[in-house]
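Data block for protein_21.json (JSON, C-alpha atoms):
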```
[["chain", "number", "residue", "atom", "x", "y", "z"],
["A", 1, "MET", "CA", -104.97, 109.29, 63.78],
["A", 2, "ALA", "CA", -108.16, 110.07, 65.73],
["A", 3, "GLY", "CA", -109.70, 111.51, 62.54],
["A", 4, "PHE", "CA", -109.01, 108.25, 60.71],
["A", 5, "THR", "CA", -110.72, 106.26, 63.45],
["A", 6, "PHE", "CA", -113.74, 108.57, 63.29],
["A", 7, "MET", "CA", -113.90, 108.27, 59.48],
["A", 8, "GLN", "CA", -113.53, 104.50, 59.72],
["A", 9, "LYS", "CA", -116.36, 104.33, 62.28],
["A", 10, "THR", "CA", -118.55, 106.54, 60.06],
["A", 11, "SER", "CA", -117.86, 104.27, 57.09],
["A", 12, "GLU", "CA", -118.74, 101.16, 59.13],
["A", 13, "LEU", "CA", -121.97, 102.81, 60.29],
["A", 14, "GLU", "CA", -122.95, 103.74, 56.72],
["A", 15, "GLU", "CA", -122.18, 100.20, 55.55],
["A", 16, "PHE", "CA", -124.33, 98.76, 58.35],
["A", 17, "ASN", "CA", -127.23, 101.11, 57.55],
["A", 18, "ASN", "CA", -127.09, 100.42, 53.82],
["A", 19, "ARG", "CA", -126.93, 96.62, 53.96],
["A", 20, "PRO", "CA", -130.15, 94.71, 53.25],
["A", 21, "ALA", "CA", -131.98, 93.74, 56.43],
["A", 22, "HIS", "CA", -131.81, 90.08, 57.45],
["A", 23, "ILE", "CA", -135.25, 88.60, 58.17],
["A", 24, "LEU", "CA", -135.93, 85.11, 59.56],
["A", 25, "CYS", "CA", -139.41, 83.70, 58.84],
["A", 26, "LEU", "CA", -140.67, 80.74, 60.85],
["A", 27, "ASP", "CA", -143.86, 78.93, 59.88],
["A", 28, "ASP", "CA", -144.78, 75.28, 59.48],
["A", 29, "GLU", "CA", -146.80, 75.99, 56.31],
["A", 30, "ALA", "CA", -144.72, 76.07, 53.12],
["A", 31, "SER", "CA", -147.29, 78.23, 51.30],
["A", 32, "VAL", "CA", -147.09, 80.93, 53.98],
["A", 33, "LEU", "CA", -143.29, 80.93, 53.83],
["A", 34, "LYS", "CA", -143.40, 81.14, 50.03],
["A", 35, "SER", "CA", -145.69, 84.19, 50.20],
["A", 36, "LEU", "CA", -143.53, 85.88, 52.84],
["A", 37, "VAL", "CA", -140.34, 85.25, 50.87],
["A", 38, "ARG", "CA", -141.85, 86.63, 47.68],
["A", 39, "LEU", "CA", -143.17, 89.77, 49.37],
["A", 40, "LEU", "CA", -140.05, 90.49, 51.42],
["A", 41, "ARG", "CA", -137.52, 89.79, 48.66],
["A", 42, "MET", "CA", -139.47, 92.02, 46.26],
["A", 43, "ASN", "CA", -138.84, 94.76, 48.81],
["A", 44, "LYS", "CA", -135.08, 94.10, 48.99],
["A", 45, "PHE", "CA", -134.98, 92.16, 52.26],
["A", 46, "ASN", "CA", -132.60, 89.24, 52.75],
["A", 47, "VAL", "CA", -134.89, 86.38, 53.83],
["A", 48, "VAL", "CA", -134.10, 83.05, 55.52],
["A", 49, "VAL", "CA", -136.88, 80.56, 56.27],
["A", 50, "SER", "CA", -137.45, 77.73, 58.69],
["A", 51, "THR", "CA", -140.32, 75.34, 59.33],
["A", 52, "ASP", "CA", -139.16, 74.31, 62.80],
["A", 53, "GLY", "CA", -138.40, 76.33, 65.95],
["A", 54, "HIS", "CA", -135.25, 74.36, 66.83],
["A", 55, "ASP", "CA", -133.86, 74.88, 63.32],
["A", 56, "ALA", "CA", -134.71, 78.59, 63.48],
["A", 57, "LEU", "CA", -132.83, 78.96, 66.78],
["A", 58, "GLN", "CA", -129.78, 77.26, 65.23],
["A", 59, "LYS", "CA", -129.96, 79.73, 62.34],
["A", 60, "MET", "CA", -130.09, 82.57, 64.85],
["A", 61, "THR", "CA", -126.87, 81.38, 66.49],
["A", 62, "ALA", "CA", -125.15, 81.38, 63.08],
["A", 63, "THR", "CA", -126.56, 84.65, 61.71],
["A", 64, "GLN", "CA", -127.60, 87.95, 63.23],
["A", 65, "PHE", "CA", -131.13, 88.82, 62.12],
["A", 66, "ASP", "CA", -132.73, 92.24, 62.27],
["A", 67, "VAL", "CA", -136.25, 90.79, 62.48],
["A", 68, "VAL", "CA", -137.82, 87.42, 63.22],
["A", 69, "ILE", "CA", -141.36, 86.69, 62.05],
["A", 70, "SER", "CA", -142.95, 83.66, 63.69],
["A", 71, "ASP", "CA", -146.21, 81.77, 63.46],
["A", 72, "MET", "CA", -147.92, 80.84, 66.75],
["A", 73, "ARG", "CA", -149.16, 77.30, 66.23],
["A", 74, "MET", "CA", -146.46, 74.87, 65.13],
["A", 75, "PRO", "CA", -145.58, 71.30, 66.01],
["A", 76, "LYS", "CA", -142.75, 70.64, 68.51],
["A", 77, "MET", "CA", -142.33, 74.28, 69.64],
["A", 78, "SER", "CA", -145.00, 76.97, 69.82],
["A", 79, "GLY", "CA", -144.39, 80.46, 68.51],
["A", 80, "ALA", "CA", -144.53, 81.86, 72.06],
["A", 81, "GLU", "CA", -141.86, 79.38, 73.22],
["A", 82, "PHE", "CA", -139.68, 80.11, 70.18],
["A", 83, "LEU", "CA", -139.98, 83.88, 70.61],
["A", 84, "ALA", "CA", -139.04, 83.65, 74.30],
["A", 85, "LYS", "CA", -135.91, 81.66, 73.40],
["A", 86, "ALA", "CA", -135.15, 84.02, 70.50],
["A", 87, "LYS", "CA", -135.34, 86.99, 72.89],
["A", 88, "LYS", "CA", -132.74, 85.40, 75.19],
["A", 89, "LEU", "CA", -130.52, 84.45, 72.26],
["A", 90, "ALA", "CA", -130.69, 87.80, 70.43],
["A", 91, "PRO", "CA", -132.37, 90.47, 72.57],
["A", 92, "ASP", "CA", -131.98, 93.25, 69.98],
["A", 93, "THR", "CA", -133.58, 91.27, 67.17],
["A", 94, "GLN", "CA", -137.12, 92.53, 66.68],
["A", 95, "ARG", "CA", -139.83, 89.88, 66.99],
["A", 96, "ILE", "CA", -143.13, 89.80, 65.09],
["A", 97, "LEU", "CA", -145.92, 87.31, 65.75],
["A", 98, "LEU", "CA", -147.86, 86.39, 62.61],
["A", 99, "THR", "CA", -150.78, 84.08, 63.23],
["A", 100, "GLY", "CA", -154.27, 83.12, 62.18],
["A", 101, "TYR", "CA", -154.92, 81.58, 65.57],
["A", 102, "SER", "CA", -156.18, 83.99, 68.19],
["A", 103, "ASP", "CA", -155.81, 82.36, 71.59],
["A", 104, "LEU", "CA", -155.52, 85.18, 74.12],
["A", 105, "GLU", "CA", -153.40, 83.18, 76.57],
["A", 106, "SER", "CA", -150.82, 82.26, 73.89],
["A", 107, "THR", "CA", -150.73, 85.81, 72.59],
["A", 108, "VAL", "CA", -150.20, 87.23, 76.08],
["A", 109, "SER", "CA", -147.40, 84.69, 76.58],
["A", 110, "ALA", "CA", -145.77, 85.77, 73.30],
["A", 111, "VAL", "CA", -146.01, 89.42, 74.32],
["A", 112, "ASN", "CA", -144.72, 88.93, 77.87],
["A", 113, "ASP", "CA", -142.15, 86.16, 77.44],
["A", 114, "GLY", "CA", -141.16, 86.73, 73.81],
["A", 115, "GLY", "CA", -141.14, 90.50, 73.97],
["A", 116, "ILE", "CA", -142.78, 90.84, 70.58],
["A", 117, "ASN", "CA", -143.03, 94.32, 69.15],
["A", 118, "ALA", "CA", -145.83, 93.53, 66.70],
["A", 119, "TYR", "CA", -148.75, 91.16, 66.25],
["A", 120, "ILE", "CA", -150.22, 90.59, 62.77],
["A", 121, "GLN", "CA", -153.25, 88.44, 61.94],
["A", 122, "LYS", "CA", -153.31, 86.00, 59.02],
["A", 123, "PRO", "CA", -154.26, 86.59, 56.31],
["A", 124, "TRP", "CA", -152.18, 89.74, 56.41],
["A", 125, "GLN", "CA", -152.34, 92.90, 54.36],
["A", 126, "ASN", "CA", -149.07, 93.27, 52.45],
["A", 127, "SER", "CA", -148.81, 97.00, 53.18],
["A", 128, "LEU", "CA", -149.29, 96.46, 56.93],
["A", 129, "LEU", "CA", -146.77, 93.62, 57.04],
["A", 130, "LEU", "CA", -144.19, 95.63, 55.06],
["A", 131, "SER", "CA", -144.59, 98.75, 57.18],
["A", 132, "THR", "CA", -144.30, 96.66, 60.36],
["A", 133, "VAL", "CA", -141.15, 94.92, 59.10],
["A", 134, "THR", "CA", -139.65, 98.23, 57.92],
["A", 135, "ASP", "CA", -140.36, 99.86, 61.31],
["A", 136, "SER", "CA", -138.88, 96.84, 63.10],
["A", 137, "VAL", "CA", -135.72, 96.96, 60.97],
["A", 138, "GLU", "CA", -135.36, 100.67, 61.72],
["A", 139, "LYS", "CA", -135.74, 100.02, 65.46],
["A", 140, "TYR", "CA", -133.13, 97.24, 65.31],
["A", 141, "LYS", "CA", -130.66, 99.45, 63.44],
["A", 142, "LEU", "CA", -131.20, 102.33, 65.87],
["A", 143, "LYS", "CA", -130.51, 100.01, 68.83],
["A", 144, "LYS", "CA", -127.30, 98.78, 67.20],
["A", 145, "GLN", "CA", -126.19, 102.33, 66.34],
["A", 146, "ASN", "CA", -126.87, 103.43, 69.90],
["A", 147, "GLN", "CA", -124.76, 100.55, 71.27],
["A", 148, "ARG", "CA", -121.87, 101.42, 68.95],
["A", 149, "LEU", "CA", -122.04, 105.09, 69.86],
["A", 150, "GLN", "CA", -122.14, 104.26, 73.58],
["A", 151, "GLN", "CA", -119.02, 102.09, 73.15],
["A", 152, "GLN", "CA", -117.29, 104.89, 71.26],
["A", 153, "ILE", "CA", -118.20, 107.44, 73.96],
["A", 154, "THR", "CA", -116.92, 105.13, 76.70],
["A", 155, "LYS", "CA", -113.65, 104.62, 74.84],
["A", 156, "GLN", "CA", -113.22, 108.34, 74.16],
["A", 157, "ASN", "CA", -114.00, 109.22, 77.80],
["A", 158, "SER", "CA", -111.32, 106.78, 78.90],
["A", 159, "GLN", "CA", -108.83, 108.37, 76.49],
["A", 160, "LEU", "CA", -109.74, 111.83, 77.78],
["A", 161, "LYS", "CA", -109.15, 110.74, 81.38],
["A", 162, "GLU", "CA", -105.73, 109.38, 80.42],
["A", 163, "LEU", "CA", -104.84, 112.62, 78.62],
["A", 164, "ASN", "CA", -106.07, 114.66, 81.57],
["A", 165, "ASN", "CA", -103.99, 112.62, 84.02],
["A", 166, "SER", "CA", -100.95, 112.97, 81.76],
["A", 167, "LEU", "CA", -101.49, 116.72, 81.52],
["A", 168, "GLU", "CA", -101.87, 117.03, 85.31],
["A", 169, "GLN", "CA", -98.60, 115.14, 85.81],
["A", 170, "ARG", "CA", -96.79, 117.43, 83.36],
["A", 171, "VAL", "CA", -98.15, 120.52, 85.10],
["A", 172, "GLU", "CA", -97.06, 119.09, 88.48],
["A", 173, "LYS", "CA", -93.53, 118.47, 87.20],
["A", 174, "ARG", "CA", -93.20, 122.02, 85.88],
["A", 175, "THR", "CA", -94.44, 123.64, 89.09]]
```
Written as structure tokens, that's how I'd like the structure from this file.
Amino acid sequence: MAGFTFMQKTSELEEFNNRPAHILCLDDEASVLKSLVRLLRMNKFNVVVSTDGHDALQKMTATQFDVVISDMRMPKMSGAEFLAKAKKLAPDTQRILLTGYSDLESTVSAVNDGGINAYIQKPWQNSLLLSTVTDSVEKYKLKKQNQRLQQQITKQNSQLKELNNSLEQRVEKRT
């Protein structure tokens, strides 16, 4: 039975690793979103877009994203504010700031409060953006794999303790 569980876990892990990555793109400019969607979908990413930070956060509560790409300057909610809320909502989701606006204070806020793992200037180079997204997806998947393995180890350690206690009780009864 333990072998089946191990095989089942291995199968789940392979399925998780082989699924297309889910990317959420947030920008108030439709042309930017169109370019991002085209580039990312051509490279086999599953892409969801939003033009508003509040809408993007709602999408994050409904779907687990590997990576979030956000613009900095948007009406209603800044990129730094969105990224900080996204970090609280989904701490393992990797966050990328994509902006043409270079205000040091806002960028520092996005780094510190939003915990971004990459900053890319507009207009971006496709190869740089793709390698950054690919690296971010890999980091996300590694975090998730690590969490699953830690849970499995904890469960197996608990089972070993129970078996050990049972064995000790049997030995005690015989002696």
Original post:
Do you have the CA of Asp66 in chain A-CA of Cys25 in chain A distance handy?
Top reply: 11.4 Å
**OP:** Using all atoms listed in the file, pick whichever of A:Leu97, A:Ile69, A:Val171, A:Ala30 has the shortest atom-to-atom distance to Tyr119 in chain A.
**Re:** A:Leu97
Can I get the residues of range 62-154 of chain A within 8 Å of range 44-52 of chain A, each with the closest pair of atoms and their distance in Å to one decimal, using all atoms listed in the file, sorted chain first then ascending number, as a Markdown table?
```
| residue | atom | partner | partner_atom | distance |
| --- | --- | --- | --- | --- |
| A:Met74 | CA | A:Asp52 | CA | 7.7 |
| A:Pro75 | CA | A:Asp52 | CA | 7.8 |
| A:Lys76 | CA | A:Asp52 | CA | 7.7 |
| A:Met77 | CA | A:Asp52 | CA | 7.5 |
```
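Interatomic distance, CA of Leu130 in chain A to CA of Gln58 in chain A: 25.5 Å.
If all atoms listed in the file are the atoms counted, then among A:Ala86, A:Leu98, A:Glu29, A:Trp124 the closest residue to Ala56 in chain A is A:Ala86.
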**OP:** Fewer than 4 positions away in the same chain doesn't count, so skip those; otherwise give me all residues within 10 Å of Thr132 in chain A, counting all atoms listed in the file, as number ranges by chain.
**Re:** A: 96, 117-120, 126-128, 136-138
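The residue that comes closest to Lys139 in chain A, out of A:Gln125, A:Gln94, A:Ser35, A:Ser109 and on the basis of all atoms listed in the file, is A:Gln94.
Distance check against Asp28 in chain A using only C-alpha atoms: of A:Leu163, A:Met72, A:Ile153, A:Val111, the minimum falls on A:Met72.
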**OP:** Work out how far CA of Thr154 in chain A is from CA of Glu15 in chain A, in Å to one decimal.
**Re:** 22.3 Å
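Minimum distance to His22 in chain A across A:Lys141, A:Lys122, A:Arg170, A:Lys87 (counting all atoms listed in the file) occurs at A:Lys141.
When all atoms listed in the file are used to compute distances to Lys88 in chain A, the closest of the residues A:Gln145, A:Thr107, A:Thr61, A:Ser70 turns out to be A:Thr61.
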Around all the atoms of range 145-164 of chain A listed in the file, with 6 Å of room on each side, what axis-aligned box do you get, giving centre and edge lengths in Å to one decimal, as JSON?
```
{"center_x": -115.9, "center_y": 107.6, "center_z": 74.0, "size_x": 34.0, "size_y": 26.1, "size_z": 27.2}
```
